>>> print(open('work.pdb').read())   # PDB, C-alpha atoms, pLDDT in the B column
ATOM      1  CA  MET I  11     -12.756 -16.614 -25.170  1.00 58.00           C
ATOM      2  CA  SER I  12     -10.565 -13.742 -24.366  1.00 73.00           C
ATOM      3  CA  SER I  13      -8.000 -14.155 -21.671  1.00 87.00           C
ATOM      4  CA  VAL I  14      -7.764 -12.090 -18.525  1.00 91.00           C
ATOM      5  CA  ARG I  15      -4.978  -9.564 -18.332  1.00 94.00           C
ATOM      6  CA  GLN I  16      -3.912  -6.933 -15.884  1.00 95.00           C
ATOM      7  CA  TYR I  17      -4.112  -3.281 -16.785  1.00 95.00           C
ATOM      8  CA  GLU I  18      -3.363  -0.060 -15.023  1.00 95.00           C
ATOM      9  CA  LEU I  19      -5.693   2.787 -15.718  1.00 95.00           C
ATOM     10  CA  ILE I  20      -4.722   6.286 -14.660  1.00 95.00           C
ATOM     11  CA  TYR I  21      -6.952   9.267 -15.124  1.00 95.00           C
ATOM     12  CA  ILE I  22      -6.639  12.895 -14.222  1.00 95.00           C
ATOM     13  CA  THR I  23      -9.555  15.133 -13.315  1.00 94.00           C
ATOM     14  CA  PRO I  24      -9.549  18.892 -12.676  1.00 94.00           C
ATOM     15  CA  PRO I  25      -8.215  19.967  -9.267  1.00 93.00           C
ATOM     16  CA  GLU I  26     -11.581  21.270  -8.055  1.00 91.00           C
ATOM     17  CA  SER I  27     -13.477  18.037  -8.751  1.00 89.00           C
ATOM     18  CA  THR I  28     -15.553  16.974  -5.780  1.00 91.00           C
ATOM     19  CA  GLU I  29     -15.549  13.701  -3.941  1.00 91.00           C
ATOM     20  CA  GLU I  30     -18.998  12.940  -5.316  1.00 93.00           C
ATOM     21  CA  ALA I  31     -17.911  13.514  -8.890  1.00 93.00           C
ATOM     22  CA  LEU I  32     -14.957  11.192  -8.408  1.00 94.00           C
ATOM     23  CA  ALA I  33     -17.142   8.584  -6.744  1.00 94.00           C
ATOM     24  CA  GLU I  34     -19.594   8.759  -9.624  1.00 93.00           C
ATOM     25  CA  LEU I  35     -16.819   8.395 -12.157  1.00 94.00           C
ATOM     26  CA  HIS I  36     -15.542   5.376 -10.280  1.00 94.00           C
ATOM     27  CA  GLN I  37     -19.063   3.947 -10.360  1.00 93.00           C
ATOM     28  CA  GLN I  38     -19.154   4.353 -14.119  1.00 92.00           C
ATOM     29  CA  VAL I  39     -15.827   2.586 -14.461  1.00 94.00           C
ATOM     30  CA  ALA I  40     -16.940  -0.159 -12.095  1.00 94.00           C
ATOM     31  CA  ALA I  41     -20.111  -0.692 -14.116  1.00 94.00           C
ATOM     32  CA  VAL I  42     -18.115  -1.343 -17.276  1.00 93.00           C
ATOM     33  CA  VAL I  43     -15.678  -3.572 -15.448  1.00 94.00           C
ATOM     34  CA  GLU I  44     -18.530  -5.578 -14.045  1.00 93.00           C
ATOM     35  CA  ARG I  45     -20.314  -5.930 -17.351  1.00 93.00           C
ATOM     36  CA  PHE I  46     -17.242  -7.499 -18.925  1.00 93.00           C
ATOM     37  CA  GLY I  47     -16.582  -9.735 -15.954  1.00 92.00           C
ATOM     38  CA  GLY I  48     -13.434  -7.965 -14.824  1.00 92.00           C
ATOM     39  CA  SER I  49     -12.300  -7.184 -11.307  1.00 93.00           C
ATOM     40  CA  PHE I  50     -10.434  -4.438  -9.461  1.00 94.00           C
ATOM     41  CA  GLU I  51      -7.027  -5.280  -8.107  1.00 91.00           C
ATOM     42  CA  LYS I  52      -6.817  -1.959  -6.318  1.00 92.00           C
ATOM     43  CA  THR I  53      -7.850   1.657  -6.540  1.00 93.00           C
ATOM     44  CA  GLU I  54      -5.626   4.499  -5.448  1.00 92.00           C
ATOM     45  CA  ASN I  55      -6.467   8.139  -5.219  1.00 93.00           C
ATOM     46  CA  TRP I  56      -3.283  10.157  -5.328  1.00 93.00           C
ATOM     47  CA  GLY I  57      -5.125  13.377  -4.647  1.00 91.00           C
ATOM     48  CA  ARG I  58      -4.070  16.709  -6.092  1.00 92.00           C
ATOM     49  CA  ARG I  59      -0.750  16.769  -7.836  1.00 93.00           C
ATOM     50  CA  ARG I  60       1.112  19.324  -9.854  1.00 93.00           C
ATOM     51  CA  LEU I  61       1.069  18.555 -13.552  1.00 94.00           C
ATOM     52  CA  ALA I  62       4.376  18.590 -15.366  1.00 93.00           C
ATOM     53  CA  TYR I  63       2.730  20.658 -18.072  1.00 93.00           C
ATOM     54  CA  GLU I  64      -0.547  22.451 -18.560  1.00 92.00           C
ATOM     55  CA  ILE I  65      -3.547  20.373 -19.630  1.00 92.00           C
ATOM     56  CA  GLY I  66      -6.681  22.247 -20.645  1.00 90.00           C
ATOM     57  CA  GLY I  67      -5.652  25.334 -18.704  1.00 91.00           C
ATOM     58  CA  PHE I  68      -4.979  23.458 -15.479  1.00 93.00           C
ATOM     59  CA  ARG I  69      -1.635  23.239 -13.745  1.00 93.00           C
ATOM     60  CA  GLU I  70      -2.851  20.733 -11.141  1.00 94.00           C
ATOM     61  CA  GLY I  71      -5.015  17.663 -11.281  1.00 94.00           C
ATOM     62  CA  VAL I  72      -6.469  14.842  -9.222  1.00 95.00           C
ATOM     63  CA  TYR I  73      -4.878  11.529 -10.114  1.00 95.00           C
ATOM     64  CA  VAL I  74      -6.681   8.219  -9.737  1.00 95.00           C
ATOM     65  CA  LEU I  75      -5.044   4.867 -10.393  1.00 95.00           C
ATOM     66  CA  GLU I  76      -7.116   1.744 -10.958  1.00 94.00           C
ATOM     67  CA  VAL I  77      -5.544  -1.647 -11.425  1.00 95.00           C
ATOM     68  CA  ILE I  78      -7.995  -3.833 -13.285  1.00 95.00           C
ATOM     69  CA  ASN I  79      -7.986  -7.508 -14.226  1.00 95.00           C
ATOM     70  CA  GLY I  80     -10.010  -8.164 -17.310  1.00 94.00           C
ATOM     71  CA  PRO I  81     -10.101  -8.987 -21.016  1.00 94.00           C
ATOM     72  CA  ALA I  82      -8.937  -6.593 -23.717  1.00 93.00           C
ATOM     73  CA  PRO I  83     -12.426  -5.617 -24.963  1.00 94.00           C
ATOM     74  CA  LEU I  84     -13.155  -4.329 -21.473  1.00 94.00           C
ATOM     75  CA  MET I  85     -10.339  -1.828 -21.658  1.00 94.00           C
ATOM     76  CA  ALA I  86     -11.284  -0.829 -25.178  1.00 93.00           C
ATOM     77  CA  GLU I  87     -14.787  -0.013 -24.019  1.00 93.00           C
ATOM     78  CA  LEU I  88     -13.464   1.774 -20.937  1.00 93.00           C
ATOM     79  CA  GLU I  89     -11.156   3.942 -23.003  1.00 93.00           C
ATOM     80  CA  ARG I  90     -13.966   4.826 -25.370  1.00 93.00           C
ATOM     81  CA  ARG I  91     -16.117   5.943 -22.468  1.00 93.00           C
ATOM     82  CA  LEU I  92     -13.397   7.859 -20.675  1.00 93.00           C
ATOM     83  CA  ARG I  93     -12.844   9.935 -23.757  1.00 93.00           C
ATOM     84  CA  VAL I  94     -16.453  11.074 -23.527  1.00 93.00           C
ATOM     85  CA  PHE I  95     -16.414  12.304 -19.914  1.00 91.00           C
ATOM     86  CA  ASP I  96     -15.655  15.988 -19.602  1.00 89.00           C
ATOM     87  CA  ILE I  97     -14.356  15.492 -16.100  1.00 91.00           C
ATOM     88  CA  VAL I  98     -11.505  13.299 -17.310  1.00 93.00           C
ATOM     89  CA  MET I  99      -8.740  15.575 -18.557  1.00 93.00           C
ATOM     90  CA  ARG I 100      -6.356  12.806 -19.434  1.00 94.00           C
ATOM     91  CA  HIS I 101      -6.276   9.054 -19.104  1.00 95.00           C
ATOM     92  CA  MET I 102      -3.900   6.243 -19.905  1.00 95.00           C
ATOM     93  CA  VAL I 103      -4.199   2.475 -19.946  1.00 95.00           C
ATOM     94  CA  VAL I 104      -1.099   0.304 -19.662  1.00 95.00           C
ATOM     95  CA  ARG I 105      -1.015  -3.462 -19.786  1.00 94.00           C
ATOM     96  CA  VAL I 106       1.251  -4.550 -16.961  1.00 94.00           C
ATOM     97  CA  ASP I 107       0.873  -8.296 -16.425  1.00 93.00           C
ATOM     98  CA  GLU I 108       3.654  -9.288 -18.827  1.00 92.00           C
ATOM     99  CA  GLU I 109       6.077  -6.679 -17.558  1.00 93.00           C
ATOM    100  CA  LEU I 110       5.490  -7.602 -13.958  1.00 93.00           C
ATOM    101  CA  ALA I 111       5.883 -11.289 -14.780  1.00 93.00           C
ATOM    102  CA  ALA I 112       9.169 -10.540 -16.553  1.00 92.00           C
ATOM    103  CA  ALA I 113      10.407  -8.562 -13.559  1.00 92.00           C
ATOM    104  CA  GLU I 114       9.430 -11.401 -11.264  1.00 93.00           C
ATOM    105  CA  ARG I 115      11.270 -13.908 -13.452  1.00 94.00           C
ATOM    106  CA  ALA I 116      14.375 -11.728 -13.385  1.00 92.00           C
ATOM    107  CA  ARG I 117      14.183 -11.520  -9.626  1.00 92.00           C
ATOM    108  CA  VAL I 118      13.807 -15.271  -9.207  1.00 94.00           C
ATOM    109  CA  ARG I 119      16.608 -15.968 -11.672  1.00 93.00           C
ATOM    110  CA  ARG I 120      18.979 -13.631  -9.876  1.00 91.00           C
ATOM    111  CA  LYS I 121      18.130 -15.216  -6.572  1.00 90.00           C
ATOM    112  CA  SER I 122      18.682 -18.758  -7.791  1.00 92.00           C
ATOM    113  CA  ASN I 123      21.913 -17.766  -9.538  1.00 91.00           C
ATOM    114  CA  MET I 124      23.177 -16.224  -6.368  1.00 90.00           C
ATOM    115  CA  ALA I 125      22.257 -19.294  -4.354  1.00 90.00           C
ATOM    116  CA  GLU I 126      24.033 -21.491  -6.881  1.00 90.00           C
ATOM    117  CA  ARG I 127      27.208 -19.410  -6.779  1.00 90.00           C
ATOM    118  CA  ARG I 128      27.183 -19.378  -3.028  1.00 89.00           C
ATOM    119  CA  VAL I 129      26.749 -23.118  -2.773  1.00 90.00           C
ATOM    120  CA  ARG I 130      29.655 -23.612  -5.166  1.00 89.00           C
ATOM    121  CA  ARG I 131      31.796 -21.548  -2.851  1.00 88.00           C
ATOM    122  CA  GLY I 132      30.697 -23.684   0.070  1.00 86.00           C
ATOM    123  CA  LEU I 133      28.483 -21.044   1.650  1.00 85.00           C
ATOM    124  CA  PRO I 134      24.875 -21.359   2.708  1.00 84.00           C
ATOM    125  CA  PRO I 135      22.516 -20.392  -0.162  1.00 82.00           C
ATOM    126  CA  GLU I 136      21.141 -17.336   1.638  1.00 81.00           C
ATOM    127  CA  PRO I 137      23.380 -14.557   2.922  1.00 80.00           C
ATOM    128  CA  THR I 138      23.496 -14.556   6.692  1.00 80.00           C
ATOM    129  CA  ASP I 139      22.461 -11.513   8.648  1.00 81.00           C
ATOM    130  CA  SER I 140      26.013 -10.604   9.562  1.00 81.00           C
ATOM    131  CA  GLU I 141      27.033 -10.667   5.871  1.00 79.00           C
ATOM    132  CA  ARG I 142      24.139  -8.459   4.954  1.00 80.00           C
ATOM    133  CA  LYS I 143      25.138  -5.965   7.578  1.00 81.00           C
ATOM    134  CA  ARG I 144      28.707  -5.909   6.334  1.00 80.00           C
ATOM    135  CA  HIS I 145      27.577  -5.330   2.748  1.00 76.00           C
ATOM    136  CA  ALA I 146      25.331  -2.507   3.804  1.00 76.00           C
ATOM    137  CA  GLU I 147      28.332  -0.865   5.451  1.00 73.00           C
ATOM    138  CA  GLU I 148      30.500  -1.390   2.407  1.00 68.00           C
ATOM    139  CA  ASP I 149      27.979   0.419   0.272  1.00 61.00           C
ATOM    140  CA  ASP I 150      28.802   3.589   2.136  1.00 56.00           C
ATOM    141  CA  ASP I 151      32.403   3.340   0.996  1.00 48.00           C
ATOM    142  CA  SER I 152      34.101   5.732  -1.363  1.00 47.00           C
ATOM    143  CA  GLU I 153      33.316   5.680  -5.063  1.00 47.00           C
ATOM    144  CA  MET I 154      36.528   3.920  -5.926  1.00 47.00           C
ATOM    145  CA  GLY I 155      35.713   1.028  -3.689  1.00 43.00           C
ATOM    146  CA  MET I 156      32.267   0.657  -5.163  1.00 45.00           C
ATOM    147  CA  ASP I 157      33.512   0.938  -8.698  1.00 46.00           C
ATOM    148  CA  HIS I 158      35.870  -1.888  -8.100  1.00 45.00           C
ATOM    149  CA  MET I 159      33.315  -4.006  -6.357  1.00 45.00           C
ATOM    150  CA  PHE I 160      30.661  -3.742  -9.019  1.00 45.00           C
ATOM    151  CA  ARG I 161      33.028  -4.364 -11.844  1.00 44.00           C
ATOM    152  CA  GLY I 162      33.978  -7.563 -10.152  1.00 41.00           C
ATOM    153  CA  GLY I 163      30.307  -8.461 -10.049  1.00 41.00           C
ATOM    154  CA  GLY I 164      29.945  -7.894 -13.772  1.00 41.00           C
ATOM    155  CA  ASP I 165      26.204  -7.624 -13.431  1.00 44.00           C
ATOM    156  CA  ARG I 166      25.621  -5.681 -16.601  1.00 40.00           C
TER
ATOM    157  CA  MET G   6      36.938  -7.893 -15.644  1.00 44.00           C
ATOM    158  CA  SER G   7      39.543  -6.713 -18.070  1.00 44.00           C
ATOM    159  CA  TYR G   8      36.815  -6.427 -20.657  1.00 44.00           C
ATOM    160  CA  MET G   9      34.839  -4.159 -18.412  1.00 44.00           C
ATOM    161  CA  GLU G  10      37.799  -1.928 -17.813  1.00 43.00           C
ATOM    162  CA  ARG G  11      38.542  -1.587 -21.476  1.00 44.00           C
ATOM    163  CA  GLU G  12      34.956  -0.730 -22.218  1.00 44.00           C
ATOM    164  CA  GLY G  13      34.767   1.861 -19.469  1.00 42.00           C
ATOM    165  CA  GLY G  14      38.040   3.441 -20.452  1.00 42.00           C
ATOM    166  CA  GLY G  15      37.200   3.507 -24.131  1.00 41.00           C
ATOM    167  CA  ARG G  16      33.944   5.263 -23.576  1.00 45.00           C
ATOM    168  CA  GLY G  17      35.096   7.661 -20.927  1.00 42.00           C
ATOM    169  CA  GLY G  18      38.160   8.726 -22.829  1.00 41.00           C
ATOM    170  CA  GLY G  19      36.296   8.977 -26.125  1.00 41.00           C
ATOM    171  CA  ARG G  20      36.770  12.712 -26.258  1.00 45.00           C
ATOM    172  CA  GLY G  21      40.197  12.953 -27.766  1.00 43.00           C
ATOM    173  CA  ASP G  22      42.310  11.339 -25.065  1.00 43.00           C
ATOM    174  CA  ALA G  23      41.921   7.681 -25.882  1.00 42.00           C
ATOM    175  CA  LYS G  24      45.579   7.099 -25.096  1.00 44.00           C
ATOM    176  CA  LYS G  25      44.991   7.914 -21.495  1.00 43.00           C
ATOM    177  CA  ASP G  26      43.405   4.615 -20.574  1.00 43.00           C
ATOM    178  CA  ASP G  27      43.823   4.815 -16.839  1.00 44.00           C
ATOM    179  CA  LYS G  28      41.470   5.639 -14.026  1.00 45.00           C
ATOM    180  CA  GLU G  29      41.439   9.303 -14.955  1.00 45.00           C
ATOM    181  CA  LYS G  30      38.856   8.662 -17.657  1.00 47.00           C
ATOM    182  CA  GLY G  31      36.741  11.679 -18.366  1.00 46.00           C
ATOM    183  CA  GLY G  32      39.210  13.776 -16.470  1.00 47.00           C
ATOM    184  CA  ARG G  33      39.201  16.307 -19.288  1.00 50.00           C
ATOM    185  CA  ARG G  34      35.583  17.138 -18.783  1.00 53.00           C
ATOM    186  CA  GLY G  35      35.995  18.993 -15.550  1.00 55.00           C
ATOM    187  CA  PHE G  36      36.775  17.707 -12.130  1.00 55.00           C
ATOM    188  CA  PHE G  37      33.790  15.498 -11.404  1.00 59.00           C
ATOM    189  CA  ARG G  38      34.188  11.963 -12.538  1.00 61.00           C
ATOM    190  CA  ARG G  39      31.056   9.968 -13.179  1.00 59.00           C
ATOM    191  CA  ARG G  40      30.639   6.528 -11.857  1.00 61.00           C
ATOM    192  CA  ARG G  41      30.071   4.349 -14.894  1.00 75.00           C
ATOM    193  CA  VAL G  42      27.594   1.946 -13.444  1.00 86.00           C
ATOM    194  CA  CYS G  43      24.000   1.291 -14.226  1.00 90.00           C
ATOM    195  CA  LYS G  44      21.857   2.448 -11.366  1.00 90.00           C
ATOM    196  CA  PHE G  45      19.229  -0.188 -12.047  1.00 91.00           C
ATOM    197  CA  CYS G  46      21.720  -3.039 -12.111  1.00 90.00           C
ATOM    198  CA  VAL G  47      23.381  -1.890  -8.929  1.00 89.00           C
ATOM    199  CA  GLU G  48      20.163  -1.415  -7.030  1.00 89.00           C
ATOM    200  CA  LYS G  49      18.665  -4.534  -8.625  1.00 89.00           C
ATOM    201  CA  ILE G  50      15.553  -2.791  -9.842  1.00 89.00           C
ATOM    202  CA  ASP G  51      13.769  -5.235 -12.131  1.00 89.00           C
ATOM    203  CA  TYR G  52      10.751  -3.155 -12.977  1.00 91.00           C
ATOM    204  CA  ILE G  53      11.176   0.505 -13.806  1.00 93.00           C
ATOM    205  CA  ASN G  54       7.862   1.875 -12.676  1.00 93.00           C
ATOM    206  CA  TYR G  55       6.616   4.806 -14.716  1.00 94.00           C
ATOM    207  CA  LYS G  56       4.641   6.097 -11.731  1.00 94.00           C
ATOM    208  CA  ASP G  57       7.747   6.492  -9.602  1.00 93.00           C
ATOM    209  CA  VAL G  58       8.786  10.053 -10.330  1.00 92.00           C
ATOM    210  CA  LYS G  59      11.562   9.982  -7.763  1.00 92.00           C
ATOM    211  CA  LEU G  60      13.166   7.088  -9.580  1.00 93.00           C
ATOM    212  CA  LEU G  61      12.896   8.717 -13.005  1.00 93.00           C
ATOM    213  CA  ALA G  62      13.813  12.274 -12.053  1.00 92.00           C
ATOM    214  CA  PRO G  63      17.619  11.860 -12.209  1.00 92.00           C
ATOM    215  CA  PHE G  64      17.326  10.899 -15.885  1.00 94.00           C
ATOM    216  CA  ILE G  65      15.555  14.062 -16.928  1.00 93.00           C
ATOM    217  CA  PRO G  66      17.964  16.936 -17.416  1.00 93.00           C
ATOM    218  CA  GLU G  67      16.765  20.518 -17.109  1.00 90.00           C
ATOM    219  CA  ARG G  68      15.541  20.689 -20.623  1.00 91.00           C
ATOM    220  CA  GLY G  69      13.222  17.714 -20.142  1.00 91.00           C
ATOM    221  CA  LYS G  70      14.886  15.448 -22.658  1.00 93.00           C
ATOM    222  CA  ILE G  71      15.683  11.835 -21.863  1.00 94.00           C
ATOM    223  CA  GLN G  72      19.275  11.607 -20.777  1.00 93.00           C
ATOM    224  CA  PRO G  73      21.409   9.505 -23.153  1.00 93.00           C
ATOM    225  CA  ARG G  74      23.092   6.572 -21.534  1.00 91.00           C
ATOM    226  CA  ARG G  75      26.533   7.756 -22.480  1.00 90.00           C
ATOM    227  CA  LEU G  76      25.959  10.406 -19.837  1.00 90.00           C
ATOM    228  CA  SER G  77      24.028   8.452 -17.244  1.00 90.00           C
ATOM    229  CA  GLY G  78      25.910   5.163 -17.507  1.00 90.00           C
ATOM    230  CA  VAL G  79      22.722   3.099 -17.656  1.00 93.00           C
ATOM    231  CA  CYS G  80      23.108  -0.234 -19.428  1.00 92.00           C
ATOM    232  CA  ALA G  81      21.337  -0.826 -22.748  1.00 93.00           C
ATOM    233  CA  LEU G  82      18.749  -3.172 -21.307  1.00 92.00           C
ATOM    234  CA  HIS G  83      17.693  -0.747 -18.631  1.00 94.00           C
ATOM    235  CA  GLN G  84      17.893   2.301 -20.860  1.00 94.00           C
ATOM    236  CA  ARG G  85      15.262   0.702 -23.071  1.00 94.00           C
ATOM    237  CA  ALA G  86      12.999   0.041 -20.119  1.00 94.00           C
ATOM    238  CA  LEU G  87      13.687   3.519 -18.756  1.00 95.00           C
ATOM    239  CA  GLN G  88      12.766   5.043 -22.076  1.00 95.00           C
ATOM    240  CA  THR G  89       9.304   3.472 -22.129  1.00 94.00           C
ATOM    241  CA  ALA G  90       8.781   4.383 -18.491  1.00 95.00           C
ATOM    242  CA  LEU G  91       9.671   8.018 -19.149  1.00 95.00           C
ATOM    243  CA  LYS G  92       7.438   8.182 -22.180  1.00 95.00           C
ATOM    244  CA  ARG G  93       4.521   6.814 -20.215  1.00 95.00           C
ATOM    245  CA  ALA G  94       5.171   9.223 -17.383  1.00 95.00           C
ATOM    246  CA  ARG G  95       5.099  12.049 -19.908  1.00 95.00           C
ATOM    247  CA  GLN G  96       1.678  11.038 -21.170  1.00 94.00           C
ATOM    248  CA  ILE G  97       0.117  11.464 -17.757  1.00 94.00           C
ATOM    249  CA  ALA G  98       1.990  14.667 -16.972  1.00 94.00           C
ATOM    250  CA  LEU G  99       4.224  13.265 -14.258  1.00 94.00           C
ATOM    251  CA  VAL G 100       7.251  14.272 -16.277  1.00 94.00           C
ATOM    252  CA  PRO G 101       7.534  17.162 -18.747  1.00 94.00           C
ATOM    253  CA  TYR G 102       7.932  16.783 -22.487  1.00 94.00           C
ATOM    254  CA  THR G 103       9.914  19.995 -22.610  1.00 90.00           C
ATOM    255  CA  THR G 104      10.701  22.852 -20.311  1.00 86.00           C
ATOM    256  CA  ASP G 105      11.691  26.322 -21.313  1.00 78.00           C
TER
END
>>> encode(input="work.pdb", output="structure tokens")
Amino acid sequence: MSSVRQYELIYITPPESTEEALAELHQQVAAVVERFGGSFEKTENWGRRRLAYEIGGFREGVYVLEVINGPAPLMAELERRLRVFDIVMRHMVVRVDEELAAAERARVRRKSNMAERRVRRGLPPEPTDSERKRHAEEDDDSEMGMDHMFRGGGDR
Amino acid sequence: MSYMEREGGGRGGGRGDAKKDDKEKGGRRGFFRRRRVCKFCVEKIDYINYKDVKLLAPFIPERGKIQPRRLSGVCALHQRALQTALKRARQIALVPYTTD
């Protein structure tokens, strides 16, 4: 039994591709996803964007992002199919669940560390609104001030 | 804290003026002094998203190469993450491989 993972699929189609063509392509993708028992987290159409370099004679392309939950064989099959479609100029699949989980862990750890430090100093675990405001103002300070402040933090 | 200062000074003054270990680090290289802090640490960005071109753009010099961290001041941990993000962004033409 293969486990469910989260993937991001991005594909680029030519700038003149029609709504119908995109809808059909999405249907094709959805069919594969369904067959393997996956699900869509979200679908985003970024619309026409300038490409950083020329792909197949085009300088612009329509970007579509699909975030898919599913097993690895699903993505393998999807990639194989995307390579066949002429309308897809470029595609990329990235597995994101582990990275996002790591980022979340880092966030939680930082938060709990901060709370711990604050409690040790006899402060409430969460910064109060007035403190937050003051810090926001301090961020606008000169470079020297910031340099000093962040060194003190040692958050590297 | 003293450790941090030594590190910053050593790196900044690496171009021939290592004796000058004061705040004027990098002073030889023109008048603008770079802040030697990691942008991602300061702004507490945990996940460097490859789709966020605005975030990545400052680390792509004119030529399109990935900026080394000795120039950008990014810490090793985040430079590694930044590197993969930039390489992914290149694959889907959000960021150039080269420009000329």
>>> atom_distance(input="work.pdb", atom1="CA of Arg105 in chain I", atom2="CA of Lys52 in chain I")
14.7 Å
>>> atom_distance(input="work.pdb", atom1="CA of Glu48 in chain G", atom2="CA of Asp107 in chain I")
22.5 Å
>>> resolve_selection(input="work.pdb", expression="the ChimeraX specification (/I :<7) & /G", output="PyMOL selection string")
chain G and resi 6+9+46+51-52+80+97-101
>>> atom_distance(input="work.pdb", atom1="CA of Ser13 in chain I", atom2="CA of Pro81 in chain I")
5.6 Å
>>> axis_aligned_box(input="work.pdb", around="range 42-47 of chain G", padding_each_side="3 Å", output="lines of an AutoDock Vina configuration file")
center_x = 23.4
center_y = -0.3
center_z = -11.6
size_x = 14.4
size_y = 11.5
size_z = 11.3
>>> closest_residue(input="work.pdb", among="I:Pro25, I:Glu136, I:Glu108, I:Ile78", to="Lys121 in chain I", atoms="all atoms listed in the file")
I:Glu136
>>> residues_around(input="work.pdb", residues="Ile53 in chain G", least_positions_apart="5", cutoff="12 Å", atoms="all atoms listed in the file", output="PyMOL selection string")
(chain I and resi 106+109-110+112-113) or (chain G and resi 44-46+48+58-61+82-94)
>>> write_last_selection(input="work.pdb", atoms="C-alpha atoms", output="PDB file, in the coordinates of the input")
ATOM      1  CA  VAL I 106       1.251  -4.550 -16.961  1.00 94.00           C
ATOM      2  CA  GLU I 109       6.077  -6.679 -17.558  1.00 93.00           C
ATOM      3  CA  LEU I 110       5.490  -7.602 -13.958  1.00 93.00           C
ATOM      4  CA  ALA I 112       9.169 -10.540 -16.553  1.00 92.00           C
ATOM      5  CA  ALA I 113      10.407  -8.562 -13.559  1.00 92.00           C
TER       6      ALA I 113
ATOM      7  CA  LYS G  44      21.857   2.448 -11.366  1.00 90.00           C
ATOM      8  CA  PHE G  45      19.229  -0.188 -12.047  1.00 91.00           C
ATOM      9  CA  CYS G  46      21.720  -3.039 -12.111  1.00 90.00           C
ATOM     10  CA  GLU G  48      20.163  -1.415  -7.030  1.00 89.00           C
ATOM     11  CA  VAL G  58       8.786  10.053 -10.330  1.00 92.00           C
ATOM     12  CA  LYS G  59      11.562   9.982  -7.763  1.00 92.00           C
ATOM     13  CA  LEU G  60      13.166   7.088  -9.580  1.00 93.00           C
ATOM     14  CA  LEU G  61      12.896   8.717 -13.005  1.00 93.00           C
ATOM     15  CA  LEU G  82      18.749  -3.172 -21.307  1.00 92.00           C
ATOM     16  CA  HIS G  83      17.693  -0.747 -18.631  1.00 94.00           C
ATOM     17  CA  GLN G  84      17.893   2.301 -20.860  1.00 94.00           C
ATOM     18  CA  ARG G  85      15.262   0.702 -23.071  1.00 94.00           C
ATOM     19  CA  ALA G  86      12.999   0.041 -20.119  1.00 94.00           C
ATOM     20  CA  LEU G  87      13.687   3.519 -18.756  1.00 95.00           C
ATOM     21  CA  GLN G  88      12.766   5.043 -22.076  1.00 95.00           C
ATOM     22  CA  THR G  89       9.304   3.472 -22.129  1.00 94.00           C
ATOM     23  CA  ALA G  90       8.781   4.383 -18.491  1.00 95.00           C
ATOM     24  CA  LEU G  91       9.671   8.018 -19.149  1.00 95.00           C
ATOM     25  CA  LYS G  92       7.438   8.182 -22.180  1.00 95.00           C
ATOM     26  CA  ARG G  93       4.521   6.814 -20.215  1.00 95.00           C
ATOM     27  CA  ALA G  94       5.171   9.223 -17.383  1.00 95.00           C
TER      28      ALA G  94
END
>>> residues_around(input="work.pdb", residues="Val98 in chain I", least_positions_apart="5", cutoff="9 Å", atoms="only C-alpha atoms", output="list in words")
Tyr21, Ile22, Thr23, Pro24, Leu35, Leu92 and Arg93 of chain I
>>> residues_around(input="work.pdb", residues="Gly47 in chain I", least_positions_apart="4", cutoff="10 Å", atoms="only C-alpha atoms", output="VMD selection string")
chain I and resid 14 41 to 43 79 to 81 84
>>> resolve_selection(input="work.pdb", expression="the PyMOL selection byres ((chain G and resi 72) around 12)", output="NGL selection string")
:G and (61-71 or 73-79 or 84-85 or 87-88 or 91)
>>> write_last_selection(input="work.pdb", atoms="C-alpha atoms", output="PDB file, keeping the file's coordinate frame")
ATOM      1  CA  LEU G  61      12.896   8.717 -13.005  1.00 93.00           C
ATOM      2  CA  ALA G  62      13.813  12.274 -12.053  1.00 92.00           C
ATOM      3  CA  PRO G  63      17.619  11.860 -12.209  1.00 92.00           C
ATOM      4  CA  PHE G  64      17.326  10.899 -15.885  1.00 94.00           C
ATOM      5  CA  ILE G  65      15.555  14.062 -16.928  1.00 93.00           C
ATOM      6  CA  PRO G  66      17.964  16.936 -17.416  1.00 93.00           C
ATOM      7  CA  GLU G  67      16.765  20.518 -17.109  1.00 90.00           C
ATOM      8  CA  ARG G  68      15.541  20.689 -20.623  1.00 91.00           C
ATOM      9  CA  GLY G  69      13.222  17.714 -20.142  1.00 91.00           C
ATOM     10  CA  LYS G  70      14.886  15.448 -22.658  1.00 93.00           C
ATOM     11  CA  ILE G  71      15.683  11.835 -21.863  1.00 94.00           C
ATOM     12  CA  PRO G  73      21.409   9.505 -23.153  1.00 93.00           C
ATOM     13  CA  ARG G  74      23.092   6.572 -21.534  1.00 91.00           C
ATOM     14  CA  ARG G  75      26.533   7.756 -22.480  1.00 90.00           C
ATOM     15  CA  LEU G  76      25.959  10.406 -19.837  1.00 90.00           C
ATOM     16  CA  SER G  77      24.028   8.452 -17.244  1.00 90.00           C
ATOM     17  CA  GLY G  78      25.910   5.163 -17.507  1.00 90.00           C
ATOM     18  CA  VAL G  79      22.722   3.099 -17.656  1.00 93.00           C
ATOM     19  CA  GLN G  84      17.893   2.301 -20.860  1.00 94.00           C
ATOM     20  CA  ARG G  85      15.262   0.702 -23.071  1.00 94.00           C
ATOM     21  CA  LEU G  87      13.687   3.519 -18.756  1.00 95.00           C
ATOM     22  CA  GLN G  88      12.766   5.043 -22.076  1.00 95.00           C
ATOM     23  CA  LEU G  91       9.671   8.018 -19.149  1.00 95.00           C
TER      24      LEU G  91
END
>>> closest_residue(input="work.pdb", among="I:Glu26, I:His36, I:Pro135, I:Asn55", to="Ser122 in chain I", atoms="all atoms listed in the file")
I:Pro135
>>> closest_residue(input="work.pdb", among="I:Glu54, I:Glu126, I:Glu44, I:Glu34", to="Met85 in chain I", atoms="all atoms listed in the file")
I:Glu44
